[in-house]
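Q: Handing you a structure now.
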Amino acid sequence: MRQTDFLVIGSGIAGLTYALKVASQFPDKKVLVMTKATADETNTKYAQGGIAVVNDMENDSFEKHIEDTLVAGDGLCNEKVVEIVVKEGPDRVQEIIDWGAQFDKEADGDYKRGKEGGHSEFRILHHKDVTGREMERALIEAVGRQKNIEFIKHCFVVDIITQHHLGFLVSKATPDIECYGVYVLNLETNKIEKILARITLLATGGNGQVYRTTTNPSIATGDGVAMLYRAKGRVENMEFIQFHPTALYEPGVRGQAFLITEAVRGDGGILRNKDGEAFMERYDERKDLAPRDIVARAIDSEMKRTGTEHVWLDCRHFSKEKFTDHFPNIYEKCLSIGIDITKHMIPVSPAAHYSCGGIKTDEWGRSSVKYLYACGECASTGLHGANRLASNSLLEAMVFAHRCYMDSTVSMNELLTDERLAEIWKQIPDWNARGTSEPREMILITQSLKELQQVMSDYVGIVRNDIRLQRAMRRIDLLWEETEQLYQGSTLSPQLLELRNMITVGYLIVKSATFRKESRGLHFNTDYPGKSPLVQNIVL
Ligand code: FAD
Ligand code: SIN
């Protein structure tokens, strides 16, 4: 058993930003950062386009960024939260620059600013086409300089410890559910350990792996959302899954798809169908730079209409110098599979990319469970509403990591007393693995995962309807039943834990989608093509 003052689950931009802040504010307290993979294997590392922020007051304004975010969010953004993120954003971006992150600059020293779908101005700071890698690098280096942060890799957090583990009945109606720490599967020893913490932060990222094709790496399995839901906490707006319009189409490649950043269209890339038509003109006056939901649906519709598995992104009019200056990583990746972007068009198709909903938090990042914060992609702060504006998530993660930190400094004084904590900690049982054995066949796990991804992609993708959702729910129910049986009888493995979490996330997406009897933002149901006048969040 270990004890810490602050427990941070996740080593992406959200977790590391929070860890750095609490560690420097409380140098005599212990901060423990845990990740189930290597230090930098996160969604953050793969971010390409950049971070949206207003830092050119001559040509841009907070009001414009707020308006763009609200338009993309299609009526469901929390306006106060939008204002908070946009207005606090510049200070947070300056902090990561101070920690060592570099963003591209013009010859005169001013920042280069990119544009993506839904933005009315050029405001996206970037580091070539590997912005996330650069930000993650700077954060990991800064964490390494902070003496009171311990960084533990390859530890899989299994469940949040609450009163339930002390023998009390905890339900959604329980008013003050408290978090005392977590159970983790140490992947090096294969043992389940208890980590007890005064304050816990969930920064576990997204859930793209629930779908067959996603831009997300394999860690993105929705663990934080599933854990919180099992602990009877509140999640919201899970139906709003953002599909990125332009993942590289590579036949036969499963799992993580390589992203072709929207910034390529921001710089002039044009989508074409199999007949060479620049089809976006028919769908939206903003053409290739319409918000993501519109572009992804347009591509989906063109693919279905023409019977193809992808459309094309045409960059042949770029000079090689211009393209490689901004997008060297994409240039190299395309070349490695025989696509010279100056001569050939890039085959692209939509892929699951971002979860707009998640753990419901207030404007200080507090979840519905006491002593438990959430920020980054696993959280639903109210910023994105029904559709996230491109490049707003890195910004949101930093702003809310800061707000969780601010609130933690206040709540440090209101935490359980040392005596009460010692009493609780004595009562928390060790993990009970009695009666479990190694699963006999991995196929029971791998096949169920394939089925889940198939069901989610075919029935709960860009376009939905009631029959598809009903079918999806029936199949997920069965997968859930079979996987629970396996879980009860098996020694734990990351594959089994992730499958269990992804089934829970799939269930939450389908359930929320079923409740939303309208089409709004990223949720498009052909049985209800219009918007309902009753504008609401779906909270589960
Ligand atoms: P992550 O960076 O995903 O980190 C999650 C962490 O949690 C990881 O360390 C993981 O190991 C850990 N974890 C998860 N479950 C467990 C568990 N059970 N136990 C222990 N550890 C666990 N956004 C933008 O704003 N601009 C962009 O240009 C942009 N481009 C993107 C490009 C791609 C290809 C992708 C996939 C996303 C992009 N996004 C972009 C979205 C953005 O990158 C993410 O939303 C953001 O980085 C999420 O950060 P995070 O800290 O919340 O989570
Ligand atoms: C991209 O670079 O196209 C992704 C940006 C984002 O998801 O915000």
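By order of appearance in the structure tokens: chains A, B, ..., then residues from 1 within every chain, and ligands from 1 in the order shown.
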Just want the 10 Å neighbourhood of stretch 82-91 of chain A, counted on only C-alpha atoms, with same-chain residues fewer than 2 positions away dropped. Output as a ChimeraX atom specification.

A: /A:51-55,61-67,69-70,77-80,93-97,363,381-385,392,394-400,402-403

Q: Neighbouring residues of ligand 2 are defined here as those with any atom at most 6 Å from a ligand atom, counting only C-alpha atoms and all ligand atoms; list them as JSON, numbers by chain.

A: {"A": [48, 49, 261, 262, 263, 390, 391, 392]}

Q: Give me, as an mmCIF file with N, CA, C and O atoms, in the first residue's frame, all polymer residues having an atom no more than 8 Å from A:Leu202, counting only C-alpha atoms and skipping those fewer than 4 positions away in the same chain.

A:
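So around17.cif came out as:
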data_model
loop_
_atom_site.group_PDB
_atom_site.id
_atom_site.type_symbol
_atom_site.label_atom_id
_atom_site.label_comp_id
_atom_site.auth_asym_id
_atom_site.auth_seq_id
_atom_site.Cartn_x
_atom_site.Cartn_y
_atom_site.Cartn_z
ATOM 1 N N VAL A 8 -2.216 11.608 -9.486
ATOM 2 C CA VAL A 8 -2.592 12.063 -10.827
ATOM 3 C C VAL A 8 -2.593 10.850 -11.744
ATOM 4 O O VAL A 8 -1.551 10.207 -11.920
ATOM 5 N N ILE A 9 -3.751 10.547 -12.313
ATOM 6 C CA ILE A 9 -3.829 9.370 -13.189
ATOM 7 C C ILE A 9 -3.826 9.858 -14.628
ATOM 8 O O ILE A 9 -4.812 10.420 -15.106
ATOM 9 N N GLY A 10 -2.708 9.661 -15.294
ATOM 10 C CA GLY A 10 -2.574 10.082 -16.688
ATOM 11 C C GLY A 10 -1.423 11.053 -16.862
ATOM 12 O O GLY A 10 -1.264 11.989 -16.069
ATOM 13 N N GLY A 15 -2.871 15.815 -17.057
ATOM 14 C CA GLY A 15 -2.275 15.284 -15.829
ATOM 15 C C GLY A 15 -0.958 15.971 -15.492
ATOM 16 O O GLY A 15 -0.725 16.365 -14.339
ATOM 17 N N GLY A 224 -11.048 6.126 -17.433
ATOM 18 C CA GLY A 224 -11.458 7.052 -16.372
ATOM 19 C C GLY A 224 -12.972 7.183 -16.308
ATOM 20 O O GLY A 224 -13.573 7.152 -15.221
ATOM 21 N N LEU A 372 -12.230 14.117 -5.818
ATOM 22 C CA LEU A 372 -11.875 13.576 -7.137
ATOM 23 C C LEU A 372 -12.132 14.634 -8.209
ATOM 24 O O LEU A 372 -13.274 15.041 -8.432
ATOM 25 N N TYR A 373 -11.051 15.049 -8.847
ATOM 26 C CA TYR A 373 -11.158 16.003 -9.958
ATOM 27 C C TYR A 373 -11.018 15.238 -11.279
ATOM 28 O O TYR A 373 -10.505 14.119 -11.308
ATOM 29 N N ALA A 374 -11.436 15.892 -12.365
ATOM 30 C CA ALA A 374 -11.189 15.323 -13.693
ATOM 31 C C ALA A 374 -10.921 16.471 -14.649
ATOM 32 O O ALA A 374 -11.569 17.529 -14.556
ATOM 33 N N CYS A 375 -9.934 16.296 -15.515
ATOM 34 C CA CYS A 375 -9.734 17.305 -16.573
ATOM 35 C C CYS A 375 -9.096 16.670 -17.786
ATOM 36 O O CYS A 375 -8.657 15.519 -17.752
ATOM 37 N N CYS A 378 -11.044 13.309 -20.742
ATOM 38 C CA CYS A 378 -12.000 12.439 -20.019
ATOM 39 C C CYS A 378 -13.107 13.258 -19.353
ATOM 40 O O CYS A 378 -14.099 12.694 -18.896
#

Q: Taking the backbone alone, and naming residues the way the document does, which bits of stretch 356-529 of chain A are helix (DSSP H, G or I) by DSSP, as a ChimeraX atom specification?

A: /A:393-414,418-427,443-459,466-489,494-515

Q: Residues of stretch 330-362 of chain A in strand (DSSP E) according to DSSP, as a ChimeraX atom specification?

A: /A:346-355,358-360

Q: Any idea what's packed within 9 Å of A:Arg520, counting only C-alpha atoms, ignoring anything in its chain fewer than 6 positions away? Could you give it as a list of chain:residue names?

A: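 Returned residues: A:Gly73, A:Asp74, A:Gly75, A:Leu76, A:Ala386, A:Asn387, A:Pro529, A:Gly530, A:Lys531, A:Ser532.
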
Q: What's around A:Asp68 at 7 Å? Count only C-alpha atoms, leave out sequence neighbours fewer than 4 positions away in its own chain, and write the answer as a ChimeraX atom specification.

A: /A:64,72,118-120

Q: Show me, as a list in words, the residues that have an atom within 7 Å of A:Leu313 when counting only C-alpha atoms, minus same-chain residues fewer than 3 positions from it.

A: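 Contacts, in chain order: Gly269, Ile270, Leu271, Arg272, Met345, Ile346, Pro347 and Val348 of chain A.
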
Q: For ligand 1, return the neighbouring residues as a compact mmCIF listing (two decimals) with C-alpha atoms, in the first residue's frame (distance at most 6 Å; only C-alpha atoms and all ligand atoms).

A:
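Result written to pocket.txt:
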# COMPACT_ATOMS: atom_id res chain seq x y z
CA ILE A 9 -3.83 9.37 -13.19
CA GLY A 10 -2.57 10.08 -16.69
CA SER A 11 0.56 11.64 -18.11
CA GLY A 12 -0.88 13.68 -20.98
CA ILE A 13 -1.19 17.45 -21.07
CA ALA A 14 -3.94 17.51 -18.42
CA GLY A 15 -2.27 15.28 -15.83
CA MET A 34 0.66 7.15 -12.85
CA THR A 35 0.30 5.92 -16.38
CA LYS A 36 -0.57 2.53 -17.73
CA ALA A 37 1.91 2.84 -20.59
CA THR A 42 -0.84 9.65 -24.78
CA ASN A 43 -3.32 11.29 -27.14
CA THR A 44 -1.40 14.47 -26.41
CA TYR A 46 -0.20 12.76 -31.43
CA ALA A 47 -1.78 16.23 -31.53
CA GLN A 48 -0.88 17.81 -34.82
CA GLY A 49 -2.70 21.02 -35.72
CA GLY A 50 -1.95 22.97 -32.54
CA ILE A 51 -3.53 24.96 -29.76
CA CYS A 155 0.56 0.78 -13.65
CA PHE A 156 -3.03 0.23 -14.73
CA VAL A 157 -5.59 1.93 -12.53
CA VAL A 158 -8.48 -0.50 -12.11
CA ALA A 203 -6.71 12.72 -16.57
CA THR A 204 -7.12 9.48 -18.48
CA GLY A 205 -7.85 10.93 -21.92
CA GLY A 206 -10.25 9.78 -24.63
CA THR A 215 -6.82 8.54 -34.73
CA ASN A 216 -6.26 7.68 -31.04
CA ILE A 219 -4.25 3.77 -24.56
CA ASP A 223 -10.85 3.93 -18.48
CA LEU A 259 -4.06 11.80 -38.98
CA HIS A 353 -11.16 11.21 -32.89
CA GLY A 376 -8.60 16.89 -20.15
CA GLU A 377 -10.42 14.72 -22.64
CA CYS A 378 -12.00 12.44 -20.02
CA SER A 391 -7.65 22.71 -31.44
CA ASN A 392 -9.69 23.74 -28.41
CA SER A 393 -8.90 20.60 -26.42
CA LEU A 394 -5.24 21.20 -25.60

Q: So the first atom is atom CA of A:Ala433 and the second is atom CA of A:Glu482; what is the distance between them in Å, to one decimal place?

A: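 These two atoms are separated by 18.8 Å.
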
Q: Hey, which of A:Leu508, A:Leu492, A:Ala197, A:Ile260 ends up closest to A:Arg434? Count only C-alpha atoms.

A: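 That would be A:Leu492, the residue with the smallest distance to A:Arg434.
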
Q: Quick one: everything within 10 Å of A:Ser355, counting only C-alpha atoms, minus sequence neighbours fewer than 4 positions away in the same chain. Send it as number ranges by chain.

A: A: 205-208, 222, 237-243, 377-380, 384, 387-388, 509

Q: How would the residues just picked look written out with N, CA and C atoms as a JSON list (two decimals), in the first residue's frame?

A:
[["chain", "number", "residue", "atom", "x", "y", "z"],
["A", 205, "GLY", "N", -7.74, 10.74, -20.48],
["A", 205, "GLY", "CA", -7.85, 10.93, -21.92],
["A", 205, "GLY", "C", -9.12, 10.36, -22.54],
["A", 206, "GLY", "N", -9.05, 10.07, -23.85],
["A", 206, "GLY", "CA", -10.25, 9.78, -24.63],
["A", 206, "GLY", "C", -10.58, 8.30, -24.76],
["A", 207, "ASN", "N", -11.46, 7.99, -25.74],
["A", 207, "ASN", "CA", -11.96, 6.62, -25.86],
["A", 207, "ASN", "C", -12.09, 6.16, -27.31],
["A", 208, "GLY", "N", -11.28, 6.73, -28.20],
["A", 208, "GLY", "CA", -11.39, 6.43, -29.63],
["A", 208, "GLY", "C", -11.31, 4.94, -29.96],
["A", 222, "GLY", "N", -11.03, 4.89, -22.62],
["A", 222, "GLY", "CA", -12.11, 5.43, -21.78],
["A", 222, "GLY", "C", -12.08, 4.93, -20.33],
["A", 237, "ASN", "N", -23.20, 13.75, -21.83],
["A", 237, "ASN", "CA", -23.01, 14.02, -23.26],
["A", 237, "ASN", "C", -22.11, 13.03, -23.98],
["A", 238, "MET", "N", -22.21, 11.76, -23.59],
["A", 238, "MET", "CA", -21.33, 10.74, -24.17],
["A", 238, "MET", "C", -21.63, 10.46, -25.65],
["A", 239, "GLU", "N", -22.81, 10.89, -26.11],
["A", 239, "GLU", "CA", -23.16, 10.61, -27.51],
["A", 239, "GLU", "C", -22.35, 11.43, -28.50],
["A", 240, "PHE", "N", -21.70, 12.50, -28.00],
["A", 240, "PHE", "CA", -21.01, 13.40, -28.94],
["A", 240, "PHE", "C", -19.57, 12.95, -29.19],
["A", 241, "ILE", "N", -19.45, 11.99, -30.10],
["A", 241, "ILE", "CA", -18.14, 11.49, -30.51],
["A", 241, "ILE", "C", -17.75, 12.22, -31.79],
["A", 242, "GLN", "N", -16.60, 12.86, -31.74],
["A", 242, "GLN", "CA", -16.18, 13.60, -32.93],
["A", 242, "GLN", "C", -15.37, 12.69, -33.86],
["A", 243, "PHE", "N", -15.80, 12.65, -35.12],
["A", 243, "PHE", "CA", -15.05, 11.92, -36.14],
["A", 243, "PHE", "C", -14.21, 12.93, -36.90],
["A", 377, "GLU", "N", -9.39, 15.31, -21.78],
["A", 377, "GLU", "CA", -10.42, 14.72, -22.64],
["A", 377, "GLU", "C", -11.42, 13.86, -21.89],
["A", 378, "CYS", "N", -11.04, 13.31, -20.74],
["A", 378, "CYS", "CA", -12.00, 12.44, -20.02],
["A", 378, "CYS", "C", -13.11, 13.26, -19.35],
["A", 379, "ALA", "N", -12.95, 14.57, -19.29],
["A", 379, "ALA", "CA", -13.92, 15.40, -18.57],
["A", 379, "ALA", "C", -14.93, 16.05, -19.53],
["A", 380, "SER", "N", -16.09, 16.35, -18.99],
["A", 380, "SER", "CA", -17.06, 17.15, -19.73],
["A", 380, "SER", "C", -17.25, 18.44, -18.94],
["A", 384, "HIS", "N", -17.27, 22.16, -24.95],
["A", 384, "HIS", "CA", -17.47, 21.73, -26.34],
["A", 384, "HIS", "C", -18.92, 21.62, -26.77],
["A", 387, "ASN", "N", -20.26, 19.71, -30.14],
["A", 387, "ASN", "CA", -19.18, 19.52, -31.12],
["A", 387, "ASN", "C", -18.00, 20.41, -30.75],
["A", 388, "ARG", "N", -16.82, 19.81, -30.63],
["A", 388, "ARG", "CA", -15.64, 20.60, -30.24],
["A", 388, "ARG", "C", -15.07, 21.38, -31.43],
["A", 509, "ILE", "N", -22.31, 5.57, -24.54],
["A", 509, "ILE", "CA", -22.50, 6.31, -25.80],
["A", 509, "ILE", "C", -23.87, 5.96, -26.39]]

Q: When you draw a straight line from atom CA of A:Phe279 to atom CA of A:Arg292, how long is it in Å?

A: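 Going from atom CA of A:Phe279 over to atom CA of A:Arg292, I get 15.0 Å.
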